[in-house]
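Containing mmCIF, C-alpha atoms and all ligand atoms: work28.cif.
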```cif
data_model
loop_
_atom_site.label_atom_id
_atom_site.label_comp_id
_atom_site.auth_asym_id
_atom_site.auth_seq_id
_atom_site.Cartn_x
_atom_site.Cartn_y
_atom_site.Cartn_z
CA MET N 258 99.89 95.95 94.92
CA ILE N 259 102.90 98.17 94.24
CA ARG N 260 102.32 101.89 94.76
CA ILE N 261 104.42 103.79 92.25
CA VAL N 262 105.17 107.35 91.28
CA VAL N 263 106.51 107.73 87.74
CA ASP N 264 108.93 110.52 86.83
CA THR N 265 109.04 110.78 83.07
CA ASP N 266 109.82 112.80 79.92
CA PRO N 267 107.30 111.45 77.37
CA GLY N 268 108.75 110.65 74.82
CA VAL N 269 107.45 107.69 72.87
CA ASP N 270 108.96 104.92 74.97
CA ASP N 271 107.90 106.74 78.14
CA ALA N 272 104.31 106.76 76.85
CA LEU N 273 104.48 102.99 76.30
CA ALA N 274 105.85 102.54 79.83
CA LEU N 275 102.97 104.62 81.23
CA ILE N 276 100.47 102.37 79.42
CA LEU N 277 102.21 99.33 80.93
CA ALA N 278 102.01 100.79 84.45
CA LEU N 279 98.43 102.05 84.15
CA ARG N 280 97.22 98.69 82.85
CA SER N 281 99.21 96.54 85.28
CA PRO N 282 97.02 94.75 87.88
CA ARG N 283 99.94 94.86 90.33
CA ALA N 284 100.60 98.60 90.13
CA GLN N 285 98.76 101.58 91.54
CA VAL N 286 100.04 104.78 89.95
CA MET N 287 99.83 107.35 92.77
CA GLY N 288 101.13 110.18 90.58
CA ILE N 289 103.08 111.10 87.47
CA GLY N 290 105.81 113.74 87.47
CA THR N 291 107.12 115.23 84.24
CA VAL N 292 110.60 116.51 83.50
CA ALA N 293 112.38 118.19 80.60
CA GLY N 294 114.29 115.56 78.67
CA ASN N 295 113.19 114.19 75.31
CA VAL N 296 111.10 117.33 74.90
CA GLU N 297 110.31 120.52 76.81
CA VAL N 298 108.58 119.87 80.13
CA GLU N 299 105.32 121.45 78.92
CA SER N 300 105.16 118.96 76.04
CA ALA N 301 106.10 116.10 78.38
CA THR N 302 103.20 117.11 80.60
CA GLU N 303 100.68 117.29 77.73
CA ASN N 304 101.92 113.92 76.47
CA ALA N 305 101.45 112.26 79.86
CA LEU N 306 97.94 113.73 79.92
CA LYS N 307 97.30 112.35 76.41
CA VAL N 308 98.11 108.84 77.68
CA LEU N 309 95.73 109.29 80.62
CA ARG N 310 93.00 110.51 78.24
CA LEU N 311 93.64 107.51 75.95
CA LEU N 312 93.15 105.06 78.84
CA GLY N 313 90.31 106.94 80.53
CA ARG N 314 92.45 107.53 83.62
CA ALA N 315 92.10 111.30 84.04
CA GLU N 316 91.98 110.83 87.81
CA VAL N 317 95.73 110.13 88.01
CA PRO N 318 97.50 113.36 88.98
CA VAL N 319 100.21 114.76 86.69
CA ALA N 320 102.60 117.25 88.30
CA GLN N 321 104.86 119.26 86.02
CA GLY N 322 108.52 119.36 87.10
CA CYS N 323 111.84 120.89 86.18
CA ALA N 324 112.10 122.71 82.87
CA ALA N 325 115.89 122.48 82.73
CA PRO N 326 118.72 120.32 84.12
CA LEU N 327 120.65 121.37 87.23
CA VAL N 328 123.72 122.60 85.33
CA GLU N 329 123.67 121.29 81.73
CA PRO N 330 121.50 123.33 79.32
CA PHE N 331 118.32 121.68 78.02
CA HIS N 332 119.00 119.79 74.77
CA GLY N 333 115.96 117.62 73.95
CA ALA N 334 115.77 114.65 71.59
CA HIS N 335 113.19 115.95 69.10
CA GLY N 336 114.98 114.19 66.26
CA VAL N 337 113.99 110.88 67.82
CA HIS N 338 110.61 111.57 69.42
CA GLY N 339 109.32 114.37 67.16
CA ARG N 340 108.71 118.03 67.92
CA ASP N 341 105.71 117.18 70.10
CA GLY N 342 107.40 114.18 71.75
CA LEU N 343 104.88 111.62 70.49
CA GLY N 344 106.05 111.22 66.92
CA ASP N 345 104.28 114.32 65.48
CA CYS N 346 101.36 112.15 64.39
CA GLY N 347 98.67 114.75 64.90
CA LEU N 348 97.08 113.48 68.12
CA PRO N 349 94.21 115.63 69.46
CA PRO N 350 94.88 117.72 72.59
CA SER N 351 94.33 115.85 75.86
CA GLY N 352 91.88 118.46 77.14
CA LEU N 353 93.31 117.78 80.61
CA ARG N 354 95.42 119.94 82.92
CA PRO N 355 98.26 119.10 85.30
CA SER N 356 97.92 119.62 89.05
CA ALA N 357 99.22 122.86 90.59
CA GLU N 358 102.00 120.95 92.38
CA HIS N 359 105.65 120.75 91.25
CA ALA N 360 106.74 117.17 90.48
CA ALA N 361 109.44 117.32 93.16
CA ASP N 362 106.87 118.46 95.75
CA GLN N 363 104.49 115.69 94.65
CA LEU N 364 107.28 113.13 95.12
CA VAL N 365 108.20 114.46 98.59
CA ARG N 366 104.51 114.50 99.64
CA LEU N 367 103.70 111.01 98.36
CA ALA N 368 106.85 109.58 99.98
CA ARG N 369 105.66 111.02 103.31
CA GLU N 370 102.05 109.86 102.82
CA TRP N 371 103.14 106.33 101.82
CA GLU N 372 106.22 106.08 104.05
CA GLY N 373 108.17 102.94 103.20
CA ALA N 374 105.73 101.80 100.50
CA LEU N 375 106.41 103.97 97.46
CA VAL N 376 108.41 102.74 94.47
CA VAL N 377 109.80 105.61 92.39
CA VAL N 378 110.18 104.78 88.69
CA ALA N 379 112.36 107.31 86.88
CA LEU N 380 112.24 107.22 83.10
CA GLY N 381 113.87 110.52 82.17
CA PRO N 382 116.66 112.81 83.33
CA LEU N 383 116.85 112.72 87.14
CA THR N 384 116.40 116.46 87.73
CA ASN N 385 113.13 116.13 89.67
CA LEU N 386 114.51 113.39 91.92
CA ALA N 387 117.63 115.45 92.66
CA THR N 388 115.43 118.46 93.45
CA ALA N 389 113.24 116.34 95.75
CA LEU N 390 116.37 115.20 97.62
CA LEU N 391 117.27 118.85 98.24
CA LYS N 392 113.74 119.56 99.53
CA ASP N 393 113.65 116.53 101.84
CA PRO N 394 117.06 115.11 102.84
CA ARG N 395 115.18 112.26 104.57
CA LEU N 396 113.59 111.17 101.28
CA PRO N 397 115.98 108.20 100.75
CA GLY N 398 114.75 106.60 103.98
CA ARG N 399 111.09 107.17 103.13
CA VAL N 400 110.87 105.35 99.78
CA ARG N 401 110.79 101.59 99.30
CA ARG N 402 112.89 101.61 96.14
CA VAL N 403 113.97 103.68 93.16
CA VAL N 404 114.15 102.07 89.71
CA ALA N 405 115.72 104.28 87.05
CA MET N 406 116.18 103.80 83.33
CA ALA N 407 119.69 105.24 83.44
CA GLY N 408 123.21 104.61 82.30
CA ALA N 409 125.30 102.30 80.19
CA PHE N 410 127.69 100.24 82.32
CA GLY N 411 129.22 97.59 80.10
CA VAL N 412 128.12 98.95 76.71
CA SER N 413 128.50 102.17 74.74
CA GLY N 414 126.25 105.15 75.26
CA ASN N 415 123.54 106.28 72.86
CA VAL N 416 124.07 110.05 72.87
CA THR N 417 127.87 109.93 72.99
CA PRO N 418 130.11 106.87 72.86
CA ALA N 419 130.20 107.07 76.67
CA ALA N 420 126.85 108.39 77.87
CA GLU N 421 123.21 107.27 77.93
CA PHE N 422 120.67 110.05 77.31
CA ASN N 423 118.98 110.31 80.74
CA VAL N 424 122.32 110.63 82.53
CA TRP N 425 123.94 112.74 79.78
CA ALA N 426 121.03 115.21 79.90
CA ASP N 427 121.59 115.95 83.62
CA PRO N 428 124.77 114.30 84.97
CA GLU N 429 124.78 116.33 88.21
CA ALA N 430 121.26 115.11 89.01
CA ALA N 431 122.24 111.52 88.20
CA GLU N 432 125.27 111.77 90.49
CA ARG N 433 123.03 112.96 93.37
CA VAL N 434 120.51 110.19 92.77
CA PHE N 435 123.22 107.52 92.51
CA SER N 436 124.78 108.62 95.81
CA ALA N 437 121.59 109.33 97.83
CA GLY N 438 121.77 106.04 99.71
CA TRP N 439 118.26 104.78 98.83
CA PRO N 440 117.64 101.27 97.45
CA LEU N 441 118.40 101.95 93.77
CA THR N 442 118.09 99.72 90.72
CA LEU N 443 119.65 100.97 87.49
CA VAL N 444 118.22 99.63 84.24
CA GLY N 445 120.68 100.76 81.59
CA LEU N 446 121.35 100.27 77.91
CA ASP N 447 123.10 97.02 78.87
CA VAL N 448 119.64 95.42 78.92
CA THR N 449 117.23 97.92 77.33
CA ARG N 450 118.95 97.87 73.92
CA GLN N 451 117.94 94.19 73.63
CA ALA N 452 114.23 94.93 74.10
CA LEU N 453 113.25 95.83 70.54
CA LEU N 454 109.75 96.48 69.20
CA ALA N 455 109.67 95.57 65.51
CA ASP N 456 107.13 95.74 62.69
CA GLU N 457 106.23 92.07 63.22
CA HIS N 458 105.04 92.99 66.71
CA LEU N 459 103.02 95.91 65.34
CA GLU N 460 101.40 93.58 62.80
CA ARG N 461 100.34 91.22 65.59
CA LEU N 462 99.03 94.18 67.56
CA ALA N 463 97.08 95.62 64.62
CA GLY N 464 94.15 93.23 65.06
CA ALA N 465 93.69 93.89 68.78
CA PRO N 466 90.64 95.87 69.95
CA GLY N 467 90.51 99.27 71.64
CA PRO N 468 92.26 102.62 71.24
CA VAL N 469 95.76 101.54 72.33
CA PRO N 470 96.93 99.58 69.23
CA PRO N 471 96.29 102.47 66.80
CA PHE N 472 97.85 104.92 69.27
CA VAL N 473 100.98 102.75 69.53
CA GLN N 474 101.09 102.25 65.75
CA ALA N 475 100.97 106.04 65.25
CA ILE N 476 103.51 107.22 67.82
CA VAL N 477 106.26 104.67 67.08
CA GLN N 478 106.65 105.54 63.40
CA ALA N 479 108.97 108.53 63.92
CA PRO N 480 111.45 106.84 66.32
CA MET N 481 111.44 103.67 64.22
CA ALA N 482 112.21 105.67 61.08
CA PHE N 483 114.96 107.49 62.99
CA ALA N 484 116.46 104.15 64.06
CA ALA N 485 116.24 102.77 60.52
CA ALA N 486 117.97 105.84 59.09
CA ARG N 487 120.63 105.85 61.79
CA SER N 488 121.40 102.16 62.24
CA GLY N 489 119.68 100.40 59.36
CA LEU N 490 117.48 98.51 61.81
CA ARG N 491 113.81 99.62 61.89
CA ALA N 492 112.96 98.92 65.53
CA LEU N 493 112.11 100.83 68.72
CA ALA N 494 114.27 100.13 71.76
CA LEU N 495 111.86 99.74 74.70
CA HIS N 496 114.14 101.43 77.22
CA ASP N 497 111.45 102.79 79.55
CA PRO N 498 108.93 99.92 79.26
CA LEU N 499 111.64 97.44 80.32
CA ALA N 500 112.62 99.62 83.28
CA MET N 501 108.94 99.87 84.27
CA ALA N 502 108.49 96.11 83.88
CA ILE N 503 111.50 95.43 86.13
CA ALA N 504 110.07 97.82 88.74
CA LEU N 505 106.82 95.82 88.69
CA ASP N 506 108.47 92.40 88.47
CA PRO N 507 112.10 92.40 89.69
CA THR N 508 112.50 88.75 88.65
CA LEU N 509 112.81 90.02 85.07
CA ALA N 510 116.28 91.27 86.00
CA SER N 511 118.07 87.93 85.81
CA ASP N 512 121.47 89.35 86.78
CA ALA N 513 121.51 92.54 88.84
CA PRO N 514 124.42 92.59 91.30
CA GLU N 515 124.81 95.44 93.78
CA LEU N 516 127.94 97.31 92.68
CA PRO N 517 129.82 100.53 93.38
CA VAL N 518 128.65 103.07 90.76
CA ALA N 519 129.68 106.55 89.68
CA VAL N 520 128.84 109.25 87.15
CA GLU N 521 131.63 111.04 85.27
CA LEU N 522 131.08 114.79 85.52
CA ARG N 523 134.35 116.18 84.21
CA GLY N 524 135.52 114.18 81.16
CA ALA N 525 135.76 116.14 77.93
CA TRP N 526 134.61 113.07 76.01
CA THR N 527 133.08 111.10 78.87
CA ARG N 528 130.81 113.57 80.76
CA GLY N 529 127.65 111.63 81.67
CA ALA N 530 129.37 108.24 81.47
CA THR N 531 128.27 105.76 84.14
CA LEU N 532 130.65 103.28 85.72
CA ALA N 533 130.12 100.16 87.81
CA ASP N 534 133.04 98.44 89.53
CA ARG N 535 132.61 94.76 88.63
CA ARG N 536 136.07 93.71 89.91
CA SER N 537 135.70 90.75 92.25
CA GLN N 538 137.82 92.12 95.10
CA PRO N 539 136.99 95.49 96.75
CA ALA N 540 140.05 97.02 95.13
CA GLU N 541 142.03 100.14 95.85
CA ARG N 542 141.38 103.12 93.58
CA GLY N 543 137.73 102.07 93.46
CA LEU N 544 134.69 104.26 92.86
CA GLY N 545 133.08 106.33 95.65
CA PRO N 546 130.57 105.08 98.23
CA ALA N 547 127.55 105.05 95.88
CA ARG N 548 126.11 101.60 95.26
CA ALA N 549 123.22 100.33 93.19
CA GLN N 550 121.73 97.19 91.75
CA VAL N 551 122.97 97.26 88.15
CA CYS N 552 120.93 95.23 85.64
CA LEU N 553 123.40 93.29 83.53
CA ARG N 554 120.97 90.75 82.08
CA ALA N 555 117.17 90.64 81.76
CA ASP N 556 114.62 88.08 80.59
CA VAL N 557 113.75 90.06 77.47
CA PRO N 558 111.58 87.43 75.76
CA ARG N 559 109.37 87.12 78.84
CA PHE N 560 109.19 90.93 79.11
CA LEU N 561 108.31 91.37 75.43
CA ALA N 562 105.55 88.75 75.51
CA ALA N 563 103.94 90.32 78.58
CA PHE N 564 104.36 93.84 77.20
CA LEU N 565 102.64 93.01 73.90
CA GLU N 566 99.84 91.28 75.78
CA THR N 567 99.32 94.43 77.85
CA LEU N 568 99.22 96.63 74.75
CA ALA N 569 96.70 94.27 73.15
CA GLY N 570 94.56 94.72 76.26
O1 LIG Q 601 118.47 106.52 76.69
C1 LIG Q 601 117.12 106.19 76.66
C2 LIG Q 601 116.32 107.11 77.51
O2 LIG Q 601 116.40 108.42 77.00
C3 LIG Q 601 114.81 106.77 77.53
O3 LIG Q 601 114.27 107.12 78.76
C4 LIG Q 601 114.25 107.65 76.46
O4 LIG Q 601 112.89 108.00 76.70
C5 LIG Q 601 115.12 108.88 76.61
O5 LIG Q 601 114.57 109.66 77.65
CA CA Q 602 112.36 108.63 78.91
#
```
Please go through the file and, once you have read it, give me the structure as structure tokens.
Amino acid sequence: MIRIVVDTDPGVDDALALILALRSPRAQVMGIGTVAGNVEVESATENALKVLRLLGRAEVPVAQGCAAPLVEPFHGAHGVHGRDGLGDCGLPPSGLRPSAEHAADQLVRLAREWEGALVVVALGPLTNLATALLKDPRLPGRVRRVVAMAGAFGVSGNVTPAAEFNVWADPEAAERVFSAGWPLTLVGLDVTRQALLADEHLERLAGAPGPVPPFVQAIVQAPMAFAAARSGLRALALHDPLAMAIALDPTLASDAPELPVAVELRGAWTRGATLADRRSQPAERGLGPARAQVCLRADVPRFLAAFLETLAG
């Protein structure tokens, strides 16, 4: 059993990742923290609660977190995820409320309560994790592992040519998380761009029982239409579900070397870019001391098959 805390900005792919975690027999979700990212933090919170209502899991605590990045202003990604963050498909209110705790405080508390056992899965900008590090400098030694959907190391970004959204949205927070010294696995666009949900998958899902298939069918329409309009390919990149899957089954990351990593904070064109030093020799003029497992290849077919099975219940 893997005890996880999920820090997330639902967001359509975040919602799918939450379903994966909440339905996984090997995961116990100890808490969910929400953060401003794809949408305002209040919407992210309501959307996390909507997923819990959908699955009948209202007992899982949701703690609302940071409403803005550390330095960068809040931008959002409403064009992708809709105004409400779940594709503007008219879902009923969750009828649930978040806990009174801040997401960073929830993370610090759970890391203390489950010293050495907690896996932190970060699916949005890293503002809450950076805030938790300020609150408890000993946090890195208390958690078992951090898995973050973050960065683009050998491929182009998705928000700018250089930067992936979660890092671009709060580069200062990403830099703190990358250099905190905890066991860190970075699941970037290098692998998540290959994990595509297409209409053929939705057709297979359509016949499955229960409330999840129609929910999935409804929330993915907006981001799939956005992708079709932008790239000509009508598909949803399963960024967060793949990161969640790798947190629950690290063998899915078929090539994930530990490398020096860094976040660019100053570049006019490259702010939010993420670098990994893949040179064979520890060379001069390298990156700083931060190191992380960087996912360069993943077993996407195995992930996709398991993911669809989970959605079908
Ligand atoms: O770049 C992809 C990431 O940005 C995903 O986490 C998606 O939900 C958005 O937050
Ligand atoms: Ca996300």
Kindly provide the residues of segment 438-478 of chain N that approach segment 526-546 of chain N to within 12 Å, each paired with its closest atom pair and their distance in Å to one decimal, based on only C-alpha atoms, listed by chain and increasing number, as CSV.
```
residue,atom,partner,partner_atom,distance
N:Gly438,CA,N:Pro546,CA,9.0
N:Leu443,CA,N:Thr531,CA,10.4
N:Val444,CA,N:Thr531,CA,11.8
N:Gly445,CA,N:Thr531,CA,9.4
N:Leu446,CA,N:Thr531,CA,10.8
N:Asp447,CA,N:Thr531,CA,11.4
```
| field | Given only C-alpha atoms and all ligand atoms as the counted atoms, nearest of N:Ala405, N:Leu396, N:Leu367, N:Val377 to ligand CA 602 (chain Q) | value | N:Ala405
| field | Surroundings of ligand LIG 601 (chain Q) up to 8 Å, based on only C-alpha atoms and all ligand atoms, as a list in words | value | Thr265, Asp266, Pro267, Gly268, Val269, Asp270, Asp271, Gly294, Asn295, Ala334, Leu380, Gly381, Pro382, Met406, Ala407, Gly408, Asn415, Val416, Glu421, Phe422, Asn423, Gly445, Leu446, His496 and Asp497 of chain N
| query | Which residues come within 8 Å of segment 473-475 of chain N, counting all atoms listed in the file, excluding same-chain residues fewer than 4 positions away, as a ChimeraX atom specification? | reply | /N:273,344,346,459,463,469
Output the selection as an mmCIF file, keeping the file's coordinate frame - C-alpha atoms for each residue.
```cif
data_model
loop_
_atom_site.group_PDB
_atom_site.id
_atom_site.type_symbol
_atom_site.label_atom_id
_atom_site.label_comp_id
_atom_site.auth_asym_id
_atom_site.auth_seq_id
_atom_site.Cartn_x
_atom_site.Cartn_y
_atom_site.Cartn_z
ATOM 1 C CA LEU N 273 104.480 102.990 76.300
ATOM 2 C CA GLY N 344 106.050 111.220 66.920
ATOM 3 C CA CYS N 346 101.360 112.150 64.390
ATOM 4 C CA LEU N 459 103.020 95.910 65.340
ATOM 5 C CA ALA N 463 97.080 95.620 64.620
ATOM 6 C CA VAL N 469 95.760 101.540 72.330
#
```
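Nearest residue to ligand CA 602 (chain Q), choosing from N:Pro466, N:Gly336, N:Gly411, N:Pro498 and counting all atoms listed in the file: N:Pro498.
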| So, counting only C-alpha atoms, which residue among N:Leu441, N:Ala320, N:Val365, N:Leu553 is closest to Arg401 of chain N? |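 Closest to Arg401 of chain N, using only C-alpha atoms: N:Leu441.
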| query | Near Val292 of chain N, counting only C-alpha atoms, which residues have an atom at most 7 Å away, once you skip same-chain residues fewer than 5 positions from it, shown as a PyMOL selection string? | reply | chain N and resi 265-266+298+301+321-324+381+385
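Candidate residues N:Ala368, N:Leu490, N:Leu495, N:Val286 were compared for distance to ligand CA 602 (chain Q), and the nearest is N:Leu495, using only C-alpha atoms and all ligand atoms.
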| Taking (98.4, 96.9, 70.5) in the file's coordinates, which residues come within 12 Å, counting only C-alpha atoms, written as a PyMOL selection string? | chain N and resi 273+276-277+454+456-477+562-570
| remark: Among N:Arg340, N:Arg491, N:Arg395, N:His335, Leu453 of chain N is approached most closely, using only C-alpha atoms, by N:Arg491
| Taking all atoms listed in the file into account, which of N:Arg280, N:Arg548, N:His332, N:His338 comes nearest ligand CA 602 (chain Q)? |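 Counting all atoms listed in the file, the residue closest to ligand CA 602 (chain Q) is N:His338.
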| message | Need the shell around Glu515 of chain N: protein/DNA/RNA residues with any atom at most 8 Å away, counting all atoms listed in the file. Skip same-chain ones fewer than 6 positions apart. Format as JSON, numbers by chain? | response | {"N": [548, 549, 550, 551]}
